[in-house]
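Pasted below: start-v7.tsv, TSV, C-alpha atoms.
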chain	number	residue	atom	x	y	z
A	1	MET	CA	-17.59	-16.24	4.31
A	2	ASP	CA	-17.00	-16.53	8.02
A	3	GLU	CA	-20.32	-18.19	8.96
A	4	ALA	CA	-19.48	-21.07	6.68
A	5	VAL	CA	-16.19	-21.81	8.40
A	6	LEU	CA	-17.26	-20.96	11.92
A	7	THR	CA	-20.02	-23.55	12.18
A	8	PRO	CA	-18.18	-26.86	12.52
A	9	THR	CA	-16.86	-26.27	16.04
A	10	ALA	CA	-17.70	-29.27	18.15
A	11	GLU	CA	-14.35	-29.48	19.89
A	12	LYS	CA	-14.13	-30.07	23.63
A	13	SER	CA	-10.58	-30.98	24.52
A	14	LYS	CA	-7.88	-28.41	25.17
A	15	ALA	CA	-4.85	-29.94	23.54
A	16	PRO	CA	-1.46	-28.25	23.86
A	17	LYS	CA	-0.82	-28.68	20.16
A	18	PRO	CA	-3.03	-27.57	17.27
A	19	ARG	CA	-6.21	-29.55	16.88
A	20	GLU	CA	-6.76	-31.97	14.02
A	21	GLY	CA	-8.28	-30.67	10.84
A	22	TRP	CA	-7.33	-27.99	8.36
A	23	PHE	CA	-9.42	-25.37	10.11
A	24	PHE	CA	-7.24	-25.52	13.21
A	25	ASN	CA	-4.01	-25.30	11.30
A	26	PRO	CA	-2.38	-22.19	12.82
A	27	TYR	CA	-1.50	-20.83	9.39
A	28	VAL	CA	-5.12	-21.15	8.31
A	29	GLN	CA	-6.07	-19.31	11.49
A	30	LEU	CA	-3.62	-16.50	10.77
A	31	LEU	CA	-4.91	-16.29	7.22
A	32	LEU	CA	-8.49	-16.08	8.50
A	33	SER	CA	-7.36	-13.36	10.88
A	34	ILE	CA	-5.87	-11.38	8.01
A	35	ILE	CA	-8.96	-11.83	5.83
A	36	LEU	CA	-11.22	-10.75	8.69
A	37	SER	CA	-9.03	-7.76	9.35
A	38	ALA	CA	-9.38	-6.65	5.72
A	39	ALA	CA	-13.11	-7.40	5.83
A	40	ALA	CA	-13.40	-5.19	8.92
A	41	GLN	CA	-11.99	-2.28	6.93
A	42	ILE	CA	-14.49	-2.87	4.10
A	43	PHE	CA	-17.43	-3.13	6.53
A	44	MET	CA	-16.37	-0.01	8.40
A	45	LYS	CA	-15.94	1.87	5.16
A	46	LEU	CA	-19.48	0.89	4.17
A	47	GLY	CA	-20.74	1.95	7.59
A	48	SER	CA	-18.98	5.30	7.44
A	49	SER	CA	-20.70	6.48	4.27
A	50	GLY	CA	-23.33	8.66	5.94
A	51	ILE	CA	-21.07	10.44	8.42
A	52	SER	CA	-21.44	14.22	8.22
A	53	GLU	CA	-18.69	15.41	10.53
A	54	MET	CA	-15.19	14.13	10.18
A	55	TRP	CA	-13.68	14.57	13.63
A	56	LEU	CA	-14.97	11.44	15.28
A	57	GLY	CA	-16.98	8.84	13.47
A	58	PHE	CA	-19.51	8.17	16.24
A	59	GLU	CA	-22.33	8.75	13.77
A	60	GLY	CA	-21.22	5.57	12.06
A	61	LEU	CA	-22.58	3.60	15.02
A	62	ARG	CA	-26.04	3.95	13.49
A	63	SER	CA	-24.98	1.63	10.69
A	64	GLY	CA	-25.11	-2.12	11.03
A	65	TRP	CA	-22.04	-2.34	8.79
A	66	MET	CA	-20.02	-0.56	11.45
A	67	TRP	CA	-20.96	-3.15	14.07
A	68	LEU	CA	-20.19	-5.94	11.63
A	69	GLY	CA	-16.80	-4.28	11.14
A	70	PHE	CA	-16.15	-4.22	14.89
A	71	ALA	CA	-17.18	-7.87	15.13
A	72	ALA	CA	-14.78	-8.75	12.33
A	73	MET	CA	-12.00	-6.88	14.14
A	74	VAL	CA	-12.60	-8.81	17.34
A	75	GLY	CA	-12.82	-12.10	15.43
A	76	SER	CA	-9.59	-11.27	13.66
A	77	LEU	CA	-7.90	-10.71	17.01
A	78	PHE	CA	-9.01	-14.10	18.33
A	79	PHE	CA	-7.77	-15.97	15.24
A	80	TRP	CA	-4.53	-14.01	15.47
A	81	LEU	CA	-3.93	-14.89	19.11
A	82	TYR	CA	-4.68	-18.55	18.41
A	83	GLY	CA	-2.33	-18.64	15.44
A	84	LEU	CA	0.43	-16.88	17.36
A	85	LYS	CA	0.56	-19.71	19.87
A	86	TYR	CA	2.02	-22.00	17.22
A	87	VAL	CA	3.58	-19.82	14.53
A	88	PRO	CA	6.90	-17.99	15.01
A	89	LEU	CA	6.27	-14.30	15.56
A	90	ASN	CA	8.39	-13.07	12.66
A	91	ILE	CA	6.54	-15.28	10.16
A	92	ALA	CA	3.25	-14.06	11.61
A	93	TYR	CA	4.28	-10.44	11.24
A	94	ASN	CA	5.29	-10.96	7.65
A	95	LEU	CA	1.92	-12.54	6.96
A	96	ALA	CA	0.25	-9.52	8.55
A	97	GLY	CA	1.81	-7.37	5.84
A	98	LEU	CA	-0.53	-9.10	3.39
A	99	VAL	CA	-3.38	-6.94	4.68
A	100	GLN	CA	-1.78	-4.02	2.86
A	101	VAL	CA	-2.44	-5.88	-0.41
A	102	LEU	CA	-5.74	-7.42	0.56
A	103	VAL	CA	-7.48	-4.16	1.52
A	104	PRO	CA	-6.89	-2.35	-1.81
A	105	VAL	CA	-7.83	-5.49	-3.77
A	106	ALA	CA	-11.04	-5.82	-1.74
A	107	SER	CA	-11.73	-2.09	-2.20
A	108	TRP	CA	-11.51	-2.63	-5.92
A	109	LEU	CA	-13.62	-5.80	-5.91
A	110	PHE	CA	-16.33	-4.86	-3.41
A	111	LEU	CA	-16.35	-1.07	-3.29
A	112	GLY	CA	-15.68	-0.47	-6.98
A	113	GLU	CA	-12.71	1.79	-6.28
A	114	LYS	CA	-10.43	2.47	-9.21
A	115	ILE	CA	-6.75	1.96	-8.45
A	116	GLY	CA	-4.55	3.78	-10.93
A	117	LEU	CA	-0.89	3.28	-11.70
A	118	LEU	CA	0.23	5.92	-9.19
A	119	ARG	CA	-1.75	4.53	-6.28
A	120	GLY	CA	-0.99	0.94	-7.24
A	121	SER	CA	2.75	1.51	-7.31
A	122	GLY	CA	2.54	3.45	-4.03
A	123	ILE	CA	0.75	0.52	-2.42
A	124	LEU	CA	3.40	-1.92	-3.68
A	125	LEU	CA	6.17	0.26	-2.22
A	126	VAL	CA	4.36	0.42	1.11
A	127	CYS	CA	4.04	-3.39	1.09
A	128	ALA	CA	7.72	-3.82	0.35
A	129	GLY	CA	8.52	-1.44	3.21
A	130	VAL	CA	6.22	-3.30	5.58
A	131	PHE	CA	7.97	-6.59	4.78
A	132	VAL	CA	11.41	-5.04	5.28
A	133	VAL	CA	10.57	-3.65	8.72
A	134	ALA	CA	8.37	-6.53	9.90
A	135	ARG	CA	11.05	-8.34	11.88
A	136	PRO	CA	12.78	-5.38	13.60
A	137	LEU	CA	9.40	-3.76	14.25
A	138	MET	CA	8.22	-6.92	15.95
A	139	ARG	CA	11.30	-6.85	18.19
A	140	MET	CA	10.64	-3.20	19.06
A	141	GLU	CA	7.02	-3.84	19.87
A	142	GLU	CA	8.17	-6.60	22.16
A	143	SER	CA	10.39	-4.20	24.08
A	144	LEU	CA	7.71	-1.55	24.60
B	145	MET	CA	-6.01	14.29	1.56
B	146	THR	CA	-6.33	17.60	3.34
B	147	PRO	CA	-3.83	18.55	6.08
B	148	LEU	CA	-6.67	18.12	8.58
B	149	GLY	CA	-7.32	14.61	7.31
B	150	PHE	CA	-3.66	13.77	7.61
B	151	LEU	CA	-3.56	15.16	11.14
B	152	LEU	CA	-6.55	13.02	12.07
B	153	VAL	CA	-4.84	9.92	10.62
B	154	VAL	CA	-1.71	10.63	12.66
B	155	LEU	CA	-3.84	11.16	15.78
B	156	SER	CA	-5.66	7.91	15.08
B	157	GLU	CA	-2.43	5.95	14.66
B	158	SER	CA	-0.97	7.48	17.82
B	159	ALA	CA	-4.07	6.63	19.83
B	160	SER	CA	-3.99	3.03	18.60
B	161	ALA	CA	-0.31	2.74	19.42
B	162	ALA	CA	-0.91	4.20	22.89
B	163	GLY	CA	-3.71	1.68	23.40
B	164	GLN	CA	-1.37	-1.13	22.37
B	165	ILE	CA	1.22	0.01	24.90
B	166	PHE	CA	-1.40	0.29	27.65
B	167	PHE	CA	-2.56	-3.28	26.93
B	168	LYS	CA	0.99	-4.50	27.21
B	169	ARG	CA	1.70	-2.62	30.40
B	170	ALA	CA	-1.56	-3.79	31.95
B	171	MET	CA	-0.32	-7.37	31.96
B	172	ALA	CA	2.70	-6.37	34.04
B	173	HIS	CA	0.69	-4.76	36.83
B	174	GLU	CA	-1.07	-6.16	39.86
B	175	GLN	CA	-4.83	-6.63	39.72
B	176	SER	CA	-5.98	-3.23	41.06
B	177	ARG	CA	-3.91	-1.12	38.65
B	178	MET	CA	-4.51	-3.55	35.83
B	179	ALA	CA	-8.21	-2.67	35.45
B	180	LEU	CA	-7.39	1.04	35.23
B	181	ILE	CA	-4.67	0.58	32.65
B	182	LEU	CA	-6.82	-1.80	30.61
B	183	THR	CA	-9.60	0.80	30.63
B	184	LEU	CA	-7.17	3.46	29.44
B	185	GLY	CA	-6.07	1.07	26.71
B	186	ILE	CA	-9.62	0.44	25.56
B	187	ILE	CA	-10.38	4.19	25.51
B	188	ALA	CA	-7.26	4.91	23.49
B	189	LYS	CA	-7.99	2.08	21.04
B	190	ALA	CA	-11.59	3.23	20.63
B	191	ALA	CA	-10.46	6.82	20.00
B	192	GLY	CA	-8.09	5.47	17.34
B	193	VAL	CA	-10.90	3.54	15.63
B	194	PHE	CA	-13.38	6.43	15.66
B	195	LEU	CA	-10.85	8.93	14.34
B	196	TRP	CA	-10.05	6.44	11.57
B	197	VAL	CA	-13.74	5.95	10.76
B	198	GLY	CA	-14.24	9.71	10.54
B	199	VAL	CA	-11.51	10.01	7.91
B	200	MET	CA	-12.81	6.88	6.18
B	201	SER	CA	-16.08	8.64	5.44
B	202	ARG	CA	-14.20	11.22	3.37
B	203	VAL	CA	-11.74	9.27	1.22
B	204	GLN	CA	-11.53	5.99	-0.68
B	205	LEU	CA	-10.38	3.00	1.33
B	206	SER	CA	-7.62	2.06	-1.12
B	207	TYR	CA	-6.34	5.62	-0.68
B	208	LEU	CA	-6.52	5.67	3.10
B	209	TYR	CA	-5.29	2.21	4.05
B	210	PRO	CA	-1.62	2.61	3.06
B	211	PHE	CA	-1.43	5.41	5.62
B	212	ASP	CA	-1.92	2.71	8.25
B	213	ALA	CA	1.65	1.56	7.60
B	214	PHE	CA	2.72	4.92	8.98
B	215	SER	CA	2.01	3.68	12.48
B	216	GLY	CA	5.00	1.37	12.15
B	217	VAL	CA	7.21	4.26	11.10
B	218	MET	CA	6.05	6.37	14.03
B	219	LEU	CA	6.56	3.46	16.39
B	220	MET	CA	10.11	3.03	15.12
B	221	PHE	CA	10.97	6.66	15.62
B	222	ALA	CA	9.36	6.64	19.05
B	223	ALA	CA	11.35	3.54	19.98
B	224	SER	CA	14.62	5.02	18.72
B	225	ILE	CA	14.06	8.28	20.62
B	226	PHE	CA	12.62	7.01	23.90
B	227	LEU	CA	13.96	3.47	24.11
B	228	LYS	CA	17.30	4.21	22.44
B	229	GLU	CA	16.66	1.46	19.91
B	230	LYS	CA	19.18	1.55	17.06
B	231	MET	CA	17.88	2.56	13.64
B	232	THR	CA	19.55	-0.06	11.45
B	233	PRO	CA	20.15	0.44	7.71
B	234	SER	CA	17.42	-2.04	6.83
B	235	LEU	CA	14.99	-0.08	9.01
B	236	TRP	CA	15.86	3.09	7.09
B	237	VAL	CA	15.25	1.25	3.80
B	238	GLY	CA	11.85	0.16	5.07
B	239	VAL	CA	11.01	3.67	6.28
B	240	ALA	CA	12.04	5.14	2.93
B	241	LEU	CA	9.92	2.59	1.03
B	242	ILE	CA	6.86	3.21	3.20
B	243	CYS	CA	7.19	7.00	3.05
B	244	THR	CA	7.71	7.03	-0.72
B	245	GLY	CA	4.75	4.69	-1.17
B	246	VAL	CA	2.48	6.78	1.03
B	247	LEU	CA	3.59	9.91	-0.81
B	248	LEU	CA	2.69	8.34	-4.17
B	249	VAL	CA	-0.68	7.19	-2.85
B	250	SER	CA	-1.37	10.64	-1.43
B	251	ARG	CA	-0.86	12.15	-4.88
B	252	SER	CA	-3.23	9.69	-6.55

Could you quickly redo this structure as structure tokens?
Amino acid sequence: MDEAVLTPTAEKSKAPKPREGWFFNPYVQLLLSIILSAAAQIFMKLGSSGISEMWLGFEGLRSGWMWLGFAAMVGSLFFWLYGLKYVPLNIAYNLAGLVQVLVPVASWLFLGEKIGLLRGSGILLVCAGVFVVARPLMRMEESL
Amino acid sequence: MTPLGFLLVVLSESASAAGQIFFKRAMAHEQSRMALILTLGIIAKAAGVFLWVGVMSRVQLSYLYPFDAFSGVMLMFAASIFLKEKMTPSLWVGVALICTGVLLVSRS
């Protein structure tokens, strides 16, 4: 999905406000960051399948999926930093909580994982908790 | 998840959090120290990722990922102990929600 949106980048000017076009909308950028962050988890999960020892997953480096996962992580960070320049931090942090929903949904769609009632309700509680603490947590992270 | 798996998740989250703090601190230092602290940050972050990947190979992703929210809980407790940040009622509600949710997921 990312190749398709990454191609049309012919921009040259460094404007202080977001560039024209939907792709440079900071909210779109944050959303892309969140999607990439979930994708990174899926890729890394795929890359981790052959690991024999559990302590450190260095064996996973033999898989191309793992490297794709790292690339997605880095990409996600760049989109995030771009989006943060224009979007208030507390809104951004609340958006970040969406990853908690996105990852299980993607696990179900792409990895064929079955999510039962128990796990599903647990995930929803975690999401609710993440949204409740998003703002104070952001303030704490700022003060570290 | 086995107790070992849980320990590895906690180690992973702690390493990532440490890396985050190193990155932040690096920006506040002059050039010569900055490189060192940035390196420490990268090592800590990498350790966090590889510990996570190791656990990933053992359990389903939809099972493991909610444990990631634990890092926020640990960060809050760390901040309240070391930085004397107040634990507000809404923070406790959030902590309770996350812990209950993770508990449910861990039983699934």

A:Leu68, A:Pro136, A:Leu36, A:Ser143 ranked by distance to Trp236 of chain B, top pick (using all atoms listed in the file) = A:Pro136

request  = Within 10 Å of segment 154-165 of chain B, counting all atoms listed in the file, which residues show up once you throw out same-chain ones fewer than 6 positions away? Write them as number ranges by chain, please.
outcome  = A: 56, 141-142, 144; B: 148, 181-199, 211-216, 218-219

Between atom CA of Ser37 of chain A and atom CA of Val99 of chain A - distance in Å to one decimal =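 Going from atom CA of Val99 of chain A over to atom CA of Ser37 of chain A covers 7.4 Å.
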
Distance cut-off 9 Å, counting all atoms listed in the file - which residues of chain B neighbour chain A? Return them as a CSV table (one decimal) with C-alpha atoms, in the frame of the given file.
chain,number,residue,atom,x,y,z
B,149,GLY,CA,-7.3,14.6,7.3
B,152,LEU,CA,-6.6,13.0,12.1
B,165,ILE,CA,1.2,0.0,24.9
B,168,LYS,CA,1.0,-4.5,27.2
B,169,ARG,CA,1.7,-2.6,30.4
B,191,ALA,CA,-10.5,6.8,20.0
B,193,VAL,CA,-10.9,3.5,15.6
B,194,PHE,CA,-13.4,6.4,15.7
B,195,LEU,CA,-10.8,8.9,14.3
B,196,TRP,CA,-10.0,6.4,11.6
B,197,VAL,CA,-13.7,6.0,10.8
B,198,GLY,CA,-14.2,9.7,10.5
B,199,VAL,CA,-11.5,10.0,7.9
B,200,MET,CA,-12.8,6.9,6.2
B,201,SER,CA,-16.1,8.6,5.4
B,202,ARG,CA,-14.2,11.2,3.4
B,204,GLN,CA,-11.5,6.0,-0.7
B,205,LEU,CA,-10.4,3.0,1.3
B,206,SER,CA,-7.6,2.1,-1.1
B,207,TYR,CA,-6.3,5.6,-0.7
B,209,TYR,CA,-5.3,2.2,4.0
B,210,PRO,CA,-1.6,2.6,3.1
B,211,PHE,CA,-1.4,5.4,5.6
B,212,ASP,CA,-1.9,2.7,8.2
B,213,ALA,CA,1.6,1.6,7.6
B,216,GLY,CA,5.0,1.4,12.2
B,217,VAL,CA,7.2,4.3,11.1
B,219,LEU,CA,6.6,3.5,16.4
B,220,MET,CA,10.1,3.0,15.1
B,223,ALA,CA,11.4,3.5,20.0
B,227,LEU,CA,14.0,3.5,24.1
B,229,GLU,CA,16.7,1.5,19.9
B,232,THR,CA,19.6,-0.1,11.4
B,234,SER,CA,17.4,-2.0,6.8
B,235,LEU,CA,15.0,-0.1,9.0
B,236,TRP,CA,15.9,3.1,7.1
B,237,VAL,CA,15.2,1.2,3.8
B,238,GLY,CA,11.8,0.2,5.1
B,239,VAL,CA,11.0,3.7,6.3
B,240,ALA,CA,12.0,5.1,2.9
B,241,LEU,CA,9.9,2.6,1.0
B,242,ILE,CA,6.9,3.2,3.2
B,243,CYS,CA,7.2,7.0,3.0
B,244,THR,CA,7.7,7.0,-0.7
B,245,GLY,CA,4.8,4.7,-1.2
B,246,VAL,CA,2.5,6.8,1.0
B,247,LEU,CA,3.6,9.9,-0.8
B,248,LEU,CA,2.7,8.3,-4.2
B,249,VAL,CA,-0.7,7.2,-2.8
B,250,SER,CA,-1.4,10.6,-1.4
B,251,ARG,CA,-0.9,12.2,-4.9
B,252,SER,CA,-3.2,9.7,-6.6
